[in-house]
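Text of target01.csv (CSV, C-alpha atoms) as supplied:
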```
chain,number,residue,atom,x,y,z
W,1,MET,CA,151.6,-13.5,-5.1
W,2,LEU,CA,153.7,-15.3,-2.5
W,3,VAL,CA,156.0,-12.3,-2.2
W,4,GLN,CA,153.1,-10.0,-1.7
W,5,GLN,CA,151.6,-12.2,1.1
W,6,THR,CA,155.0,-12.4,2.8
W,7,ALA,CA,155.4,-8.6,2.6
W,8,ILE,CA,152.0,-8.1,4.1
W,9,ARG,CA,152.8,-10.5,7.0
W,10,ILE,CA,156.1,-8.7,7.6
W,11,VAL,CA,154.2,-5.4,7.8
W,12,ILE,CA,151.2,-6.6,9.8
W,13,PHE,CA,153.1,-8.6,12.4
W,14,PRO,CA,154.7,-5.6,14.3
W,15,LEU,CA,151.3,-3.9,14.2
W,16,ARG,CA,149.6,-6.9,15.8
W,17,ALA,CA,152.4,-7.2,18.3
W,18,ALA,CA,152.1,-3.5,19.2
W,19,TRP,CA,148.3,-3.8,19.5
W,20,PHE,CA,148.7,-6.9,21.8
W,21,VAL,CA,151.0,-4.9,24.0
W,22,ILE,CA,148.6,-2.0,24.2
W,23,LEU,CA,145.7,-4.3,25.1
W,24,SER,CA,147.9,-6.0,27.7
W,25,LEU,CA,148.8,-2.7,29.3
W,26,ASN,CA,145.2,-1.6,29.2
W,27,PHE,CA,144.2,-4.8,31.0
W,28,LEU,CA,146.8,-4.3,33.7
W,29,VAL,CA,145.8,-0.7,34.3
W,30,VAL,CA,142.1,-1.4,34.4
W,31,SER,CA,142.7,-4.4,36.6
W,32,ALA,CA,144.7,-2.4,39.1
W,33,ALA,CA,142.0,0.3,39.2
W,34,CYS,CA,139.3,-2.3,39.8
W,35,VAL,CA,141.4,-3.9,42.6
W,36,LEU,CA,141.9,-0.5,44.2
W,37,ILE,CA,138.2,0.3,44.1
W,38,ALA,CA,137.3,-3.2,45.4
W,39,ALA,CA,139.8,-2.8,48.2
W,40,PHE,CA,138.4,0.5,49.4
W,41,VAL,CA,134.8,-0.8,49.1
W,42,ALA,CA,135.8,-3.9,51.1
W,43,TYR,CA,137.5,-1.7,53.7
W,44,ALA,CA,134.4,0.5,53.9
W,45,PHE,CA,132.2,-2.6,54.4
W,46,ALA,CA,134.6,-4.0,57.0
W,47,LEU,CA,134.6,-0.7,58.9
W,48,THR,CA,130.8,-0.4,58.7
W,49,PHE,CA,130.4,-4.0,59.9
W,50,SER,CA,132.9,-3.4,62.7
W,51,TYR,CA,130.9,-0.3,63.8
W,52,LEU,CA,127.7,-2.2,63.9
W,53,PHE,CA,128.6,-5.6,65.3
W,54,PHE,CA,132.0,-5.6,66.9
W,55,PRO,CA,133.4,-4.0,70.1
W,56,ALA,CA,134.8,-0.5,69.9
W,57,GLU,CA,138.4,-1.8,70.3
W,58,TRP,CA,138.2,-3.8,67.1
W,59,THR,CA,136.9,-0.8,65.2
W,60,ARG,CA,139.7,1.4,66.8
W,61,GLY,CA,142.2,-1.3,65.7
W,62,LEU,CA,140.9,-1.2,62.2
W,63,TRP,CA,141.2,2.6,62.1
W,64,GLU,CA,144.7,2.4,63.5
W,65,TRP,CA,145.8,-0.2,61.0
W,66,ALA,CA,144.6,2.1,58.1
W,67,ALA,CA,146.2,5.2,59.7
W,68,GLY,CA,149.5,3.3,60.1
W,69,LEU,CA,149.4,2.1,56.5
W,70,TYR,CA,148.6,5.6,55.3
W,71,ALA,CA,151.5,7.1,57.3
W,72,GLN,CA,154.0,4.4,56.0
W,73,SER,CA,153.1,3.9,52.4
W,74,ALA,CA,153.2,6.7,49.8
W,75,TRP,CA,151.3,4.3,47.4
W,76,PHE,CA,148.5,3.9,49.9
W,77,LYS,CA,148.4,7.6,50.6
W,78,GLY,CA,148.2,8.4,46.9
W,79,ALA,CA,145.5,5.8,46.3
W,80,THR,CA,143.5,7.0,49.2
W,81,ILE,CA,143.6,10.6,48.1
W,82,THR,CA,142.8,9.6,44.5
W,83,PHE,CA,139.9,7.4,45.5
W,84,PHE,CA,138.3,10.1,47.7
W,85,VAL,CA,138.8,12.8,45.1
W,86,LEU,CA,137.1,10.7,42.5
W,87,LEU,CA,134.4,9.8,45.0
W,88,LEU,CA,133.7,13.5,45.9
W,89,LEU,CA,134.2,15.0,42.5
W,90,PRO,CA,130.5,14.8,41.5
W,91,ILE,CA,129.6,16.4,44.8
W,92,LEU,CA,132.2,19.1,44.5
W,93,LYS,CA,130.9,19.9,41.0
W,94,LEU,CA,127.5,20.8,42.4
W,95,TRP,CA,128.7,22.4,45.6
W,96,PRO,CA,128.5,25.3,46.3
W,97,GLY,CA,125.4,25.4,44.2
W,98,ARG,CA,125.1,28.1,41.7
W,99,ASP,CA,121.9,29.8,40.8
W,100,ARG,CA,121.0,28.5,37.3
W,101,LYS,CA,118.7,31.5,36.7
W,102,VAL,CA,121.6,33.9,37.4
W,103,ASP,CA,123.9,31.9,35.1
W,104,THR,CA,121.3,31.9,32.3
W,105,ASP,CA,120.7,35.6,32.7
W,106,ARG,CA,124.5,36.2,32.6
W,107,GLU,CA,124.8,34.1,29.4
W,108,ARG,CA,121.9,35.8,27.8
W,109,GLU,CA,123.4,39.2,28.6
W,110,ALA,CA,126.8,38.2,27.2
W,111,MET,CA,125.1,36.9,24.0
W,112,ARG,CA,123.2,40.2,23.6
W,113,ILE,CA,126.4,42.2,24.1
W,114,ASN,CA,128.2,40.0,21.6
W,115,ASP,CA,125.3,40.4,19.1
W,116,ASP,CA,125.4,44.2,19.5
W,117,LEU,CA,129.1,44.2,18.9
W,118,ILE,CA,128.8,42.1,15.8
W,119,ALA,CA,126.0,44.4,14.5
W,120,ALA,CA,128.1,47.5,15.2
W,121,ARG,CA,131.0,46.0,13.3
W,122,HIS,CA,128.8,45.2,10.4
W,123,ARG,CA,127.4,48.7,10.4
W,124,THR,CA,130.9,50.1,10.5
W,125,GLN,CA,132.0,47.9,7.6
W,126,ALA,CA,128.9,48.8,5.6
W,127,GLN,CA,129.5,52.5,6.2
W,128,ALA,CA,133.2,52.1,5.1
W,129,LYS,CA,132.1,50.4,1.9
W,130,LEU,CA,129.7,53.3,1.1
W,131,ARG,CA,132.3,55.9,1.8
W,132,GLY,CA,135.1,54.2,0.0
```
Go through the file and emit its structure as structure tokens.
Amino acid sequence: MLVQQTAIRIVIFPLRAAWFVILSLNFLVVSAACVLIAAFVAYAFALTFSYLFFPAEWTRGLWEWAAGLYAQSAWFKGATITFFVLLLLPILKLWPGRDRKVDTDREREAMRINDDLIAARHRTQAQAKLRG
């Protein structure tokens, strides 16, 4: 019994270690994504607050700081593009809007044609069985 327990421990330990590494990497990725989103939300709030309450020079300085960071850092550029693509993806999914009635009619017509083709194939097979 002791040998069996030792064997089970030897087999399970690498699996637990691998699971711990996977959980740690997942935590790091999710944390980085949350920090990225929080940074952009904070920047948006700062910019909005700057527009509402501060002089125009301060707002211009905030914009210039972000533009300079965007020009210098490939990471910031990639993060900015990714953030705004994810932000606009639901809007782009619906725009330009498609007519649902036309789409439904097109699907219905495709199903009718498909059903007709299936029926014709069955008829052909039935006639081939009768002939042959």
### Task
Considering only C-alpha atoms, state which residue in the set W:Val41, W:Leu94, W:Glu109, W:Ala46 is at the smallest distance from W:Trp58.
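Smallest distance to W:Trp58 is found for W:Ala46.
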### Query
Which residue gives the smallest distance to W:Ala32 among W:Val3, W:Ala79, W:Ala17, W:Ala110, with all atoms listed in the file counted?
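Closest residue, counting all atoms listed in the file: W:Ala79.
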### Shell around stretch 64-72 of chain W at 12 Å using all atoms listed in the file, local window under 3 positions removed, as a list in words
Phe40, Tyr43, Ala44, Ala46, Leu47, Glu57, Trp58, Thr59, Arg60, Gly61, Trp75, Phe76, Lys77, Gly78, Ala79, Thr80 and Ile81 of chain W
### Task
Figure out the distance between atom CA of W:Trp19 and atom CA of W:Cys34, please, to one decimal in Å.
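Result for atom CA of W:Cys34 versus atom CA of W:Trp19: 22.3 Å, one decimal.
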